[in-house]
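S.K.: Next up is a structure, given as structure tokens.
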Number of protein chains: 4
Amino acid sequence: MAGSTFGEIFRVTTWGESHGEAIGAVIDGCPAGLKLSEEDIQPWLDRRSPGRDDMSSSKRRESDRCRILSGVFSGYTTGTPISVMIENEDVDDSDYDPDTFRPGHADMTYQEKYGIRDWHGGGRASGRETAGRVIAGAIAAKLLEELGIEVEAFVQSIGEIPVEDNKGYLEKYLKEIAKAGDSVGGVVTCVIKGCPAGLGEPVFDKLDAELAKAVMSIGAVKGVEIGAGFMAAHMLGSQCNDEEELNAGGILGGISNGKPIIINAAFKPTPTRGNARHDLCIAPRAAVVVEAMAAITILDMYYRNMHAKL
Amino acid sequence: MAGSTFGEIFRVTTWGESHGEAIGAVIDGCPAGLKLSEEDIQPWLDRRSPGRDDMSSSKRRESDRCRILSGVFSGYTTGTPISVMIENEDVDDSDYDPDTFRPGHADMTYQEKYGIRDWHGGGRASGRETAGRVIAGAIAAKLLEELGIEVEAFVQSIGEIPVEDNKGYLEKYLKEIAKAGDSVGGVVTCVIKGCPAGLGEPVFDKLDAELAKAVMSIGAVKGVEIGAGFMAAHMLGSQCNDEEELNAGGILGGISNGKPIIINAAFKPTPTRGNARHDLCIAPRAAVVVEAMAAITILDMYYRNMHAKL
Amino acid sequence: MAGSTFGEIFRVTTWGESHGEAIGAVIDGCPAGLKLSEEDIQPWLDRRSPGRDDMSSSKRRESDRCRILSGVFSGYTTGTPISVMIENEDVDDSDYDPDTFRPGHADMTYQEKYGIRDWHGGGRASGRETAGRVIAGAIAAKLLEELGIEVEAFVQSIGEIPVEDNKGYLEKYLKEIAKAGDSVGGVVTCVIKGCPAGLGEPVFDKLDAELAKAVMSIGAVKGVEIGAGFMAAHMLGSQCNDEEELNAGGILGGISNGKPIIINAAFKPTPTRGNARHDLCIAPRAAVVVEAMAAITILDMYYRNMHAKL
Amino acid sequence: MAGSTFGEIFRVTTWGESHGEAIGAVIDGCPAGLKLSEEDIQPWLDRRSPGRDDMSSSKRRESDRCRILSGVFSGYTTGTPISVMIENEDVDDSDYDPDTFRPGHADMTYQEKYGIRDWHGGGRASGRETAGRVIAGAIAAKLLEELGIEVEAFVQSIGEIPVEDNKGYLEKYLKEIAKAGDSVGGVVTCVIKGCPAGLGEPVFDKLDAELAKAVMSIGAVKGVEIGAGFMAAHMLGSQCNDEEELNAGGILGGISNGKPIIINAAFKPTPTRGNARHDLCIAPRAAVVVEAMAAITILDMYYRNMHAKL
């Protein structure tokens, strides 16, 4: 069975290829009565656009104007599926070649899996696929806001350099990488505040397990940490005691404990070989995708937890 | 909705509290015609028993004799659900106290979520819950064997010490930790060989996403990496090119590429405060659980991939 | 993927063959805090036992003592999976023969599907499988009671004879059928009272659709009606107007309207050829199974509806 | 959780309100390599259009031109989600009134469930919703064709009149009903030929159970029968023996037996009160919807059965 749907109660199904006619998402399970319009979604989409700031550099301009096709009536959600579509406009595929499998890309694995692939611009494996996630994330975040839950993701480090206190240096660093035709990895941190205790469904659908899946499903992510993450593996129990809360990262036994939830996501550098245009560093554009996936997950787990006790 | 079921086609549902009457698993979706008896499962269960070697030290002796109650007829699976049970025998709960919430444990979050908890020995949050996973893992591994796929997990490091080339030193190190009443974290690495290209269901149920969930759902895991993991976040694209295969860890675009799949799992140290008996280091006993979860996931994704093309 | 699990939020997984070691059910998603013991379940199991009254006649005596193995602590549910088991005692398989495919039974289709079958007493296709449903139904009914919802099923007709006002005649009729070694079909009606408006999830998981699946999944059921059922197909709209409520059967547009919900289930006669012992009429014993499936479905849809609006 | 998705391996998610901007479906799990274009889908959509023949009479003209937005590349499916959209054109809502709840319609139950409703033309409860099902059904039928499986649905009876041998009389009958401003119910029969033995997943996802849900989820259906259906409830076992095959309707123990599968669906008459325009008899237009739902179900169960044995 295919994997284009995420979530149990708040569910998103995404569709669309990077160089196809359109891309979109269907959100099922959004409660009726939420005030919603394109204006709630558009700023989220703009955040993931290329060329937004100096830290990313894919040259493609995406207008990405979204259009709500169903599920909203007189400005409010009706409880029926919300279909949102973005028509693809700038689909220049002159850089792509059907017979070339770009090293480090998913070209080859898609070909092996399906026996056919849309070779224009990476098809479904393109970063453009994340637009559907961001649409659903914008709606989830709006629902979370009403519950007093806040999700925020930001770039923690680029290459080996922490972003904090190094903005000026980073700018120079990235320029050099760009000049060399190279790329660089990065870490995105996501913090969730205001999340009540009790979220997470033992034993398989623990909150950290669902978040790990959500974040790892984003292209280019190679690692996920909750709280202390891999550092915890290097510590003694007595050391952990001192900063227990920080180490737990807001989750104990797979259930939120009411403290801020902290997630780290490791993004690998964009492959550079055989790639005429590529993101210098994916992390800055990807932060909003991490935020979206975290928001969808937390909202879904919030709804799932409503059945825990009488 | 609760979270005691894992997998889509090969599905396991686990049940049971550490100090209840019994624990067990129901495996639905195991194909008919597999030779299967308790002898296939018991060695897996023995591997996760405490006191098996010098690296772990929980004093409880578990006999853990499993019993197949359904789904097998004349030594072969029939395609109907396989129910396997282990009766709990040694359930000494004298160390536990209903009014104490042990720091760093799930006592408090379970109480907050459910408003009630089985305080005997950690209930469902106990490591004993993993027996059900290991039962299903043993069956999955047997099916994978017929497909030429091999899953193996081992302890990579304990605290800051890599296991390889340090066995003698580690023994001394662990003895000291035990004497101090302390505990230590560790990293378990899992390698999957013989996995064909094509496994993984974009865009949400990518192979790495499903593996991340599977592994993160194991208690005490705080981080998961595929291939280069967090190291990739610190690298340049040009550096990645050199060891592309190793860095990818067998997965590109969320789909297996036919190379060995490499997963790292970070285990935090067992909390020591308010804990009369505890594992010195959970990693050695947990390796078989990582192996089980990886085997279940790979098998399930193998079955799911059978529908990818005509 | 196999089909031994039913329900989304309140979920039951059943297992066990009629002549195996045991049969049972795992209920996941039962909220914590429900007072529960074997005494709540046993009366339900007793209702489906053979030889309980004059209307059924399978000679096998089943003691069917159930045992709760997990999910209950100090007399209350804990929110973790509830495992309930019945050990099989009277497993006389002398009437069965591995090489005989009894006409009208599932012997042949199981053999074709799985390539192997447990030929002792019908294996998983036996009516005994319904014990697991009844266990879950008893728990669901207890939860529904707290919500003021009542589910009741009864035999509407046996063969062509309505039960009401014909009890004495029916007794004579059934004795004659028994003497002739024959069997007879029947209709079971299920009425759900106190169900609030709003249950049912358009467009595929409508309340009537879920109930139809639930009831049709019971062995020997060949037809399901909601409200007027097939009679409605023979009517004019103007005729329907007069008794609109009765015709609707409590469901409009797939959503409950707050009126009593009425379901009819048609049970075929037990096949008599090649069948040494068989039920004279399955309907009387099956009523409790219909009640159980309806209760599970209504409860699950009640929980699902909790997410419909802000 | 909402219910806009149907199927496990071949899955369809539908969206859209009758008087909204557009309606559509996303089909996930269609294998790669199927030749597919709008021409495969359009004839199916045309079959459900109003005013196609004399037996139905809703006056709305729907052009219903579908457009494939994703999942097809160079004329072949790619294994990624297929998004198909129909823009709504003729959306005259002058007949509708926000403050009127039409008797016998879902207006009231939608309002109760969601606290808000799209009162233009019935919103999601409109028959127009079935366009999404028909889109998916067209694709499923094309895949079934390659497997040698054929699904066909037709009107069995209108009111109390069997269609066969009564065409001329029926025409007169319907004209009279139209003149009286009345409507009438009907029965649609669906026959599935070429279906191999083995389809159906005991014990809950039996083939008949899944078909019952699929068909009962169509608006206006009040009853579903497999094979002899309710007639079987009135028969003796000895009578059944004679026409066993016909009575079974192609399914035994919830598993297909290789014979033609026969399903009856009872459609109630369209409510006439408070309804300016309505279908005279829904059955003729609904036949293609029954066909679509049966095709989707059989295909999905075909894929699910692929995992039954080694």
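Scheme for the structure tokens: letters A, B, ... for chains in order shown; per-chain residue numbers from 1; ligand numbers from 1 in order shown.
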Need the shell around region 12-20 of chain A: protein/DNA/RNA residues with any atom at most 9 Å away, counting only C-alpha atoms. Skip same-chain ones fewer than 6 positions apart. Format as a tab-separated table (two decimals) with all heavy atoms, in the first residue's frame?
M.R.:
chain	number	residue	atom	x	y	z
A	3	GLY	N	1.96	5.36	0.34
A	3	GLY	CA	2.17	6.11	1.57
A	3	GLY	C	1.96	7.61	1.45
A	3	GLY	O	2.72	8.38	2.00
A	4	SER	N	0.91	8.02	0.76
A	4	SER	CA	0.70	9.45	0.56
A	4	SER	C	-0.22	10.07	1.59
A	4	SER	O	-0.61	11.23	1.45
A	4	SER	CB	0.16	9.70	-0.85
A	4	SER	OG	1.04	9.16	-1.81
A	5	THR	N	-0.59	9.33	2.62
A	5	THR	CA	-1.47	9.85	3.67
A	5	THR	C	-0.76	9.81	5.01
A	5	THR	O	-0.07	8.85	5.32
A	5	THR	CB	-2.77	9.01	3.72
A	5	THR	OG1	-3.44	9.10	2.47
A	5	THR	CG2	-3.71	9.52	4.82
A	6	PHE	N	-0.93	10.87	5.80
A	6	PHE	CA	-0.30	10.95	7.12
A	6	PHE	C	-1.32	11.37	8.16
A	6	PHE	O	-2.11	12.29	7.93
A	6	PHE	CB	0.86	11.97	7.09
A	6	PHE	CG	1.65	11.99	8.36
A	6	PHE	CD1	2.69	11.10	8.56
A	6	PHE	CD2	1.36	12.91	9.37
A	6	PHE	CE1	3.43	11.10	9.74
A	6	PHE	CE2	2.09	12.92	10.55
A	6	PHE	CZ	3.13	12.03	10.74
A	26	VAL	N	-5.20	17.07	0.35
A	26	VAL	CA	-6.56	16.94	0.86
A	26	VAL	C	-6.45	16.70	2.35
A	26	VAL	O	-5.79	15.75	2.77
A	26	VAL	CB	-7.32	15.78	0.18
A	26	VAL	CG1	-8.73	15.68	0.74
A	26	VAL	CG2	-7.34	15.96	-1.33
A	27	ILE	N	-7.06	17.57	3.13
A	27	ILE	CA	-7.02	17.42	4.59
A	27	ILE	C	-8.38	16.92	5.05
A	27	ILE	O	-9.40	17.59	4.88
A	27	ILE	CB	-6.68	18.76	5.28
A	27	ILE	CG1	-5.25	19.18	4.94
A	27	ILE	CG2	-6.84	18.64	6.80
A	27	ILE	CD1	-5.14	20.13	3.80
A	28	ASP	N	-8.39	15.73	5.62
A	28	ASP	CA	-9.64	15.15	6.12
A	28	ASP	C	-9.54	15.09	7.64
A	28	ASP	O	-8.48	14.79	8.19
A	28	ASP	CB	-9.83	13.74	5.54
A	28	ASP	CG	-11.28	13.30	5.60
A	28	ASP	OD1	-12.16	14.17	5.71
A	28	ASP	OD2	-11.53	12.10	5.51
A	29	GLY	N	-10.63	15.40	8.31
A	29	GLY	CA	-10.61	15.34	9.77
A	29	GLY	C	-10.36	16.68	10.43
A	29	GLY	O	-10.15	16.73	11.64
A	87	GLU	N	-1.39	25.41	-8.75
A	87	GLU	CA	-1.08	25.09	-10.15
A	87	GLU	C	0.41	25.36	-10.37
A	87	GLU	O	0.95	26.38	-9.92
A	87	GLU	CB	-1.93	25.96	-11.10
A	87	GLU	CG	-3.41	25.87	-10.84
A	87	GLU	CD	-4.20	25.29	-12.02
A	87	GLU	OE1	-3.59	24.81	-12.99
A	87	GLU	OE2	-5.45	25.32	-11.93
A	88	ASN	N	1.07	24.46	-11.06
A	88	ASN	CA	2.48	24.66	-11.37
A	88	ASN	C	2.61	25.60	-12.55
A	88	ASN	O	1.94	25.44	-13.56
A	88	ASN	CB	3.15	23.33	-11.70
A	88	ASN	CG	3.37	22.49	-10.47
A	88	ASN	OD1	3.52	23.01	-9.38
A	88	ASN	ND2	3.40	21.18	-10.64
A	89	GLU	N	3.48	26.60	-12.41
A	89	GLU	CA	3.62	27.55	-13.50
A	89	GLU	C	4.97	27.46	-14.19
A	89	GLU	O	5.06	27.18	-15.38
A	89	GLU	CB	3.38	28.97	-12.96
A	89	GLU	CG	1.89	29.17	-12.66
A	89	GLU	CD	1.64	30.45	-11.90
A	89	GLU	OE1	2.54	31.30	-11.83
A	89	GLU	OE2	0.52	30.60	-11.37
A	90	ASP	N	6.01	27.68	-13.42
A	90	ASP	CA	7.35	27.74	-14.00
A	90	ASP	C	7.94	26.33	-14.07
A	90	ASP	O	8.65	25.90	-13.18
A	90	ASP	CB	8.20	28.67	-13.12
A	90	ASP	CG	9.68	28.52	-13.41
A	90	ASP	OD1	10.05	28.02	-14.49
A	90	ASP	OD2	10.47	28.90	-12.52
A	91	VAL	N	7.59	25.61	-15.14
A	91	VAL	CA	8.09	24.24	-15.19
A	91	VAL	C	9.08	24.07	-16.34
A	91	VAL	O	8.82	23.41	-17.33
A	91	VAL	CB	6.94	23.22	-15.29
A	91	VAL	CG1	6.30	23.03	-13.93
A	91	VAL	CG2	5.90	23.67	-16.29
A	92	ASP	N	10.20	24.67	-16.16
A	92	ASP	CA	11.30	24.56	-17.11
A	92	ASP	C	12.06	23.27	-16.82
A	92	ASP	O	12.69	23.13	-15.78
A	92	ASP	CB	12.22	25.78	-16.95
A	92	ASP	CG	13.53	25.58	-17.69
A	92	ASP	OD1	13.60	24.69	-18.57
A	92	ASP	OD2	14.48	26.32	-17.35
A	93	ASP	N	11.98	22.31	-17.71
A	93	ASP	CA	12.67	21.04	-17.44
A	93	ASP	C	13.88	20.84	-18.34
A	93	ASP	O	14.32	19.73	-18.55
A	93	ASP	CB	11.70	19.86	-17.56
A	93	ASP	CG	11.04	19.82	-18.93
A	93	ASP	OD1	11.50	20.55	-19.82
A	93	ASP	OD2	10.08	19.08	-19.09
A	118	ASP	N	8.77	9.99	-13.50
A	118	ASP	CA	8.63	11.32	-14.09
A	118	ASP	C	9.98	12.01	-13.91
A	118	ASP	O	10.32	12.47	-12.83
A	118	ASP	CB	7.52	12.06	-13.33
A	118	ASP	CG	7.32	13.48	-13.84
A	118	ASP	OD1	8.18	13.96	-14.62
A	118	ASP	OD2	6.33	14.09	-13.47
A	119	TRP	N	10.76	12.05	-14.98
A	119	TRP	CA	12.14	12.54	-14.86
A	119	TRP	C	12.22	14.06	-14.94
A	119	TRP	O	13.31	14.64	-14.86
A	119	TRP	CB	13.04	11.90	-15.92
A	119	TRP	CG	12.46	11.97	-17.31
A	119	TRP	CD1	11.74	11.00	-17.93
A	119	TRP	CD2	12.51	13.08	-18.22
A	119	TRP	NE1	11.34	11.41	-19.17
A	119	TRP	CE2	11.80	12.69	-19.40
A	119	TRP	CE3	13.09	14.34	-18.19
A	119	TRP	CZ2	11.64	13.53	-20.50
A	119	TRP	CZ3	12.93	15.18	-19.29
A	119	TRP	CH2	12.21	14.78	-20.42
A	120	HIS	N	11.09	14.72	-15.13
A	120	HIS	CA	11.12	16.18	-15.13
A	120	HIS	C	11.29	16.69	-13.70
A	120	HIS	O	10.33	16.69	-12.94
A	120	HIS	CB	9.81	16.76	-15.65
A	120	HIS	CG	9.46	16.40	-17.05
A	120	HIS	ND1	8.74	15.28	-17.38
A	120	HIS	CD2	9.74	17.03	-18.22
A	120	HIS	CE1	8.57	15.25	-18.69
A	120	HIS	NE2	9.17	16.29	-19.23
A	121	GLY	N	12.45	17.11	-13.36
A	121	GLY	CA	12.63	17.83	-12.10
A	121	GLY	C	12.47	17.02	-10.85
A	121	GLY	O	12.22	17.56	-9.79
A	122	GLY	N	12.60	15.70	-10.94
A	122	GLY	CA	12.58	14.91	-9.73
A	122	GLY	C	11.21	14.36	-9.39
A	122	GLY	O	11.07	13.56	-8.46
A	123	GLY	N	10.19	14.77	-10.14
A	123	GLY	CA	8.86	14.21	-9.93
A	123	GLY	C	8.38	14.37	-8.51
A	123	GLY	O	8.33	15.47	-7.97
A	124	ARG	N	8.06	13.25	-7.91
A	124	ARG	CA	7.48	13.25	-6.57
A	124	ARG	C	8.58	13.34	-5.50
A	124	ARG	O	8.30	13.63	-4.34
A	124	ARG	CB	6.70	11.95	-6.41
A	124	ARG	CG	5.88	11.82	-5.16
A	124	ARG	CD	4.52	12.44	-5.30
A	124	ARG	NE	3.70	12.19	-4.14
A	124	ARG	CZ	3.00	13.14	-3.51
A	124	ARG	NH1	2.99	14.37	-3.94
A	124	ARG	NH2	2.30	12.84	-2.45
A	125	ALA	N	9.83	13.04	-5.90
A	125	ALA	CA	10.93	13.07	-4.94
A	125	ALA	C	11.48	14.47	-4.76
A	125	ALA	O	12.35	14.71	-3.93
A	125	ALA	CB	12.05	12.12	-5.40
A	126	SER	N	10.94	15.39	-5.52
A	126	SER	CA	11.41	16.78	-5.44
A	126	SER	C	10.98	17.42	-4.13
A	126	SER	O	9.97	17.05	-3.53
A	126	SER	CB	10.81	17.56	-6.61
A	126	SER	OG	10.74	18.93	-6.33
A	127	GLY	N	11.75	18.42	-3.73
A	127	GLY	CA	11.39	19.17	-2.53
A	127	GLY	C	10.03	19.86	-2.68
A	127	GLY	O	9.40	20.21	-1.69
A	128	ARG	N	9.61	20.03	-3.91
A	128	ARG	CA	8.33	20.69	-4.16
A	128	ARG	C	7.16	19.92	-3.54
A	128	ARG	O	6.13	20.51	-3.22
A	128	ARG	CB	8.13	20.84	-5.67
A	128	ARG	CG	6.88	21.63	-6.02
A	128	ARG	CD	7.02	22.38	-7.32
A	128	ARG	NE	5.78	23.06	-7.66
A	128	ARG	CZ	5.37	24.17	-7.08
A	128	ARG	NH1	6.11	24.73	-6.15
A	128	ARG	NH2	4.22	24.74	-7.43
A	129	GLU	N	7.33	18.63	-3.36
A	129	GLU	CA	6.28	17.79	-2.74
A	129	GLU	C	5.90	18.32	-1.37
A	129	GLU	O	4.78	18.13	-0.90
A	129	GLU	CB	6.78	16.35	-2.65
A	129	GLU	CG	5.94	15.42	-1.80
A	129	GLU	CD	6.40	15.37	-0.34
A	129	GLU	OE1	7.60	15.44	-0.08
A	129	GLU	OE2	5.50	15.28	0.54
A	130	THR	N	6.86	18.99	-0.71
A	130	THR	CA	6.60	19.43	0.67
A	130	THR	C	5.57	20.55	0.75
A	130	THR	O	5.07	20.84	1.84
A	130	THR	CB	7.90	19.91	1.33
A	130	THR	OG1	8.44	20.99	0.57
A	130	THR	CG2	8.92	18.79	1.41
A	131	ALA	N	5.22	21.14	-0.39
A	131	ALA	CA	4.19	22.19	-0.36
A	131	ALA	C	2.89	21.66	0.24
A	131	ALA	O	2.22	22.34	1.02
A	131	ALA	CB	3.95	22.73	-1.77
A	132	GLY	N	2.54	20.43	-0.10
A	132	GLY	CA	1.32	19.82	0.43
A	132	GLY	C	1.38	19.68	1.95
A	132	GLY	O	0.39	19.91	2.65
A	133	ARG	N	2.55	19.34	2.45
A	133	ARG	CA	2.74	19.21	3.90
A	133	ARG	C	2.57	20.56	4.58
A	133	ARG	O	2.00	20.67	5.67
A	133	ARG	CB	4.15	18.70	4.21
A	133	ARG	CG	4.46	17.34	3.59
A	133	ARG	CD	5.96	17.02	3.74
A	133	ARG	NE	6.32	15.77	3.08
A	133	ARG	CZ	6.84	14.71	3.71
A	133	ARG	NH1	7.10	14.78	4.99
A	133	ARG	NH2	7.12	13.62	3.06
A	136	ALA	N	-1.06	21.62	4.95
A	136	ALA	CA	-1.71	20.95	6.09
A	136	ALA	C	-1.15	21.47	7.41
A	136	ALA	O	-1.88	21.63	8.39
A	136	ALA	CB	-1.52	19.45	5.98
A	296	ILE	N	1.31	18.96	12.50
A	296	ILE	CA	0.33	17.93	12.12
A	296	ILE	C	0.35	16.79	13.14
A	296	ILE	O	-0.69	16.30	13.59
A	296	ILE	CB	0.64	17.39	10.71
A	296	ILE	CG1	0.49	18.49	9.65
A	296	ILE	CG2	-0.25	16.21	10.37
A	296	ILE	CD1	1.08	18.13	8.29
B	203	VAL	N	5.12	9.43	0.11
B	203	VAL	CA	6.12	10.31	0.62
B	203	VAL	C	6.20	10.27	2.14
B	203	VAL	O	7.19	10.71	2.70
B	203	VAL	CB	5.85	11.77	0.17
B	203	VAL	CG1	6.01	11.89	-1.34
B	203	VAL	CG2	4.47	12.23	0.60
D	13	THR	N	-9.50	8.76	-1.97
D	13	THR	CA	-9.96	9.83	-1.09
D	13	THR	C	-10.76	10.80	-1.96
D	13	THR	O	-10.24	11.29	-2.96
D	13	THR	CB	-8.75	10.56	-0.47
D	13	THR	OG1	-7.99	9.62	0.30
D	13	THR	CG2	-9.20	11.69	0.45
D	26	VAL	N	-8.45	11.57	-5.10
D	26	VAL	CA	-7.04	11.22	-5.15
D	26	VAL	C	-6.96	9.71	-4.98
D	26	VAL	O	-7.46	9.16	-3.99
D	26	VAL	CB	-6.24	11.92	-4.04
D	26	VAL	CG1	-4.77	11.53	-4.13
D	26	VAL	CG2	-6.41	13.43	-4.12
D	28	ASP	N	-4.58	6.65	-4.43
D	28	ASP	CA	-3.23	6.25	-4.03
D	28	ASP	C	-3.16	4.73	-4.05
D	28	ASP	O	-4.11	4.06	-3.67
D	28	ASP	CB	-2.94	6.78	-2.61
D	28	ASP	CG	-1.45	6.85	-2.33
D	28	ASP	OD1	-0.66	6.90	-3.29
D	28	ASP	OD2	-1.07	6.91	-1.15
D	69	LEU	N	-4.47	15.47	-12.83
D	69	LEU	CA	-3.48	16.49	-12.44
D	69	LEU	C	-2.14	15.90	-12.03
D	69	LEU	O	-1.14	16.62	-11.94
D	69	LEU	CB	-4.03	17.33	-11.28
D	69	LEU	CG	-5.32	18.10	-11.55
D	69	LEU	CD1	-5.82	18.72	-10.25
D	69	LEU	CD2	-5.10	19.17	-12.60
D	70	SER	N	-2.11	14.62	-11.72
D	70	SER	CA	-0.84	14.02	-11.26
D	70	SER	C	-0.90	12.51	-11.39
D	70	SER	O	-1.96	11.93	-11.64
D	70	SER	CB	-0.58	14.38	-9.80
D	70	SER	OG	-1.51	13.73	-8.95
D	71	GLY	N	0.25	11.87	-11.22
D	71	GLY	CA	0.30	10.42	-11.17
D	71	GLY	C	0.34	9.73	-12.51
D	71	GLY	O	0.45	8.50	-12.58
D	72	VAL	N	0.26	10.51	-13.61
D	72	VAL	CA	0.34	9.92	-14.95
D	72	VAL	C	1.44	10.67	-15.71
D	72	VAL	O	1.50	11.89	-15.69
D	72	VAL	CB	-1.00	10.04	-15.70
D	72	VAL	CG1	-0.87	9.54	-17.14
D	72	VAL	CG2	-2.08	9.27	-14.95
D	73	PHE	N	2.30	9.92	-16.36
D	73	PHE	CA	3.42	10.52	-17.08
D	73	PHE	C	3.56	9.81	-18.42
D	73	PHE	O	3.63	8.57	-18.46
D	73	PHE	CB	4.70	10.39	-16.25
D	73	PHE	CG	5.89	11.06	-16.85
D	73	PHE	CD1	5.99	12.45	-16.88
D	73	PHE	CD2	6.93	10.31	-17.40
D	73	PHE	CE1	7.10	13.07	-17.45
D	73	PHE	CE2	8.04	10.93	-17.97
D	73	PHE	CZ	8.12	12.32	-17.99
D	80	THR	N	2.58	6.99	-8.23
D	80	THR	CA	2.34	8.09	-7.29
D	80	THR	C	0.86	8.46	-7.34
D	80	THR	O	0.14	8.05	-8.25
D	80	THR	CB	3.22	9.31	-7.67
D	80	THR	OG1	2.88	9.72	-8.99
D	80	THR	CG2	4.70	8.93	-7.63
D	81	PRO	N	0.37	9.22	-6.35
D	81	PRO	CA	-1.08	9.47	-6.29
D	81	PRO	C	-1.64	10.15	-7.53
D	81	PRO	O	-1.05	11.10	-8.05
D	81	PRO	CB	-1.24	10.36	-5.05
D	81	PRO	CG	0.10	10.65	-4.52
D	81	PRO	CD	1.09	9.77	-5.19
D	82	ILE	N	-2.77	9.64	-7.98
D	82	ILE	CA	-3.45	10.18	-9.16
D	82	ILE	C	-4.54	11.13	-8.68
D	82	ILE	O	-5.48	10.72	-8.01
D	82	ILE	CB	-4.09	9.04	-9.98
D	82	ILE	CG1	-3.03	8.02	-10.39
D	82	ILE	CG2	-4.82	9.61	-11.20
D	82	ILE	CD1	-3.62	6.72	-10.94
D	83	SER	N	-4.38	12.41	-8.99
D	83	SER	CA	-5.37	13.41	-8.60
D	83	SER	C	-6.22	13.76	-9.81
D	83	SER	O	-5.69	14.12	-10.86
D	83	SER	CB	-4.64	14.65	-8.07
D	83	SER	OG	-5.56	15.66	-7.72
S.K.: Need the shell around region 281-293 of chain D: protein/DNA/RNA residues with any atom at most 6 Å away, counting only C-alpha atoms. Skip same-chain ones fewer than 3 positions apart. Format as a CSV table (one decimal) with N, CA and C atoms, in the first residue's frame?
M.R.:
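Once written, around.csv looks like this:
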chain,number,residue,atom,x,y,z
D,48,ARG,N,-23.2,8.5,-15.1
D,48,ARG,CA,-24.0,8.9,-13.9
D,48,ARG,C,-24.6,10.3,-14.1
D,56,SER,N,-34.6,8.7,-15.5
D,56,SER,CA,-34.2,9.6,-14.4
D,56,SER,C,-34.5,11.0,-14.9
D,134,VAL,N,-16.8,7.3,-8.9
D,134,VAL,CA,-16.8,6.8,-10.2
D,134,VAL,C,-15.5,6.9,-10.9
D,137,GLY,N,-13.5,4.2,-9.6
D,137,GLY,CA,-14.1,2.9,-10.1
D,137,GLY,C,-13.6,2.7,-11.6
D,152,GLU,N,-20.3,-5.7,-13.4
D,152,GLU,CA,-21.4,-5.1,-14.1
D,152,GLU,C,-22.6,-4.9,-13.2
D,153,ALA,N,-23.2,-3.7,-13.2
D,153,ALA,CA,-24.4,-3.4,-12.4
D,153,ALA,C,-25.5,-2.9,-13.3
D,154,PHE,N,-26.7,-3.3,-12.9
D,154,PHE,CA,-27.9,-2.9,-13.7
D,154,PHE,C,-29.1,-2.8,-12.8
D,183,SER,N,-41.8,10.1,-6.6
D,183,SER,CA,-40.6,9.3,-7.0
D,183,SER,C,-40.8,7.9,-6.6
D,184,VAL,N,-39.8,7.0,-6.9
D,184,VAL,CA,-39.9,5.6,-6.6
D,184,VAL,C,-38.6,5.0,-6.4
D,186,GLY,N,-35.9,1.5,-6.0
D,186,GLY,CA,-35.5,0.5,-7.0
D,186,GLY,C,-34.4,-0.4,-6.5
D,214,ALA,N,-19.2,-1.1,1.2
D,214,ALA,CA,-19.0,-0.3,0.0
D,214,ALA,C,-20.3,0.2,-0.6
D,296,ILE,N,-13.8,-1.1,-7.0
D,296,ILE,CA,-12.7,-0.7,-6.1
D,296,ILE,C,-12.5,-1.8,-5.0
S.K.: Using only C-alpha atoms, determine which residues of chain C fall within 6 Å of chain A; present them as a PyMOL selection string.
M.R.: chain C and resi 31-33+308-310
S.K.: Restricting the calculation to only C-alpha atoms: of A:Ser256, A:Ser37, A:Gln156, A:Thr100, which residue gets closest to Ile298 (chain A)?
M.R.: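 Nearest to Ile298 (chain A): A:Ser256.
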S.K.: Mind checking DSSP for region 51-146 of chain C and telling me the alpha helix (DSSP H) residues as a PyMOL selection string?
M.R.: chain C and resi 107-114+130-146
S.K.: What parts of region 91-295 of chain C does DSSP call strand (DSSP E)? I'd like the answer as number ranges by chain.
M.R.: C: 150-158, 161-162, 186-193, 221-226, 251-252, 255-256, 261-267
S.K.: Which is closest to Pro196 (chain B) among B:Met301, B:Ala25, B:Ala106, B:Ile139, if we use only C-alpha atoms?
M.R.: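 For Pro196 (chain B), the nearest of the candidates is B:Met301.
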S.K.: Between CA of Lys172 (chain D) and CA of Leu280 (chain D), what is the distance in Å, rounded to a tenth?
M.R.: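 Straight-line distance from CA of Lys172 (chain D) to CA of Leu280 (chain D) works out to 13.0 Å.
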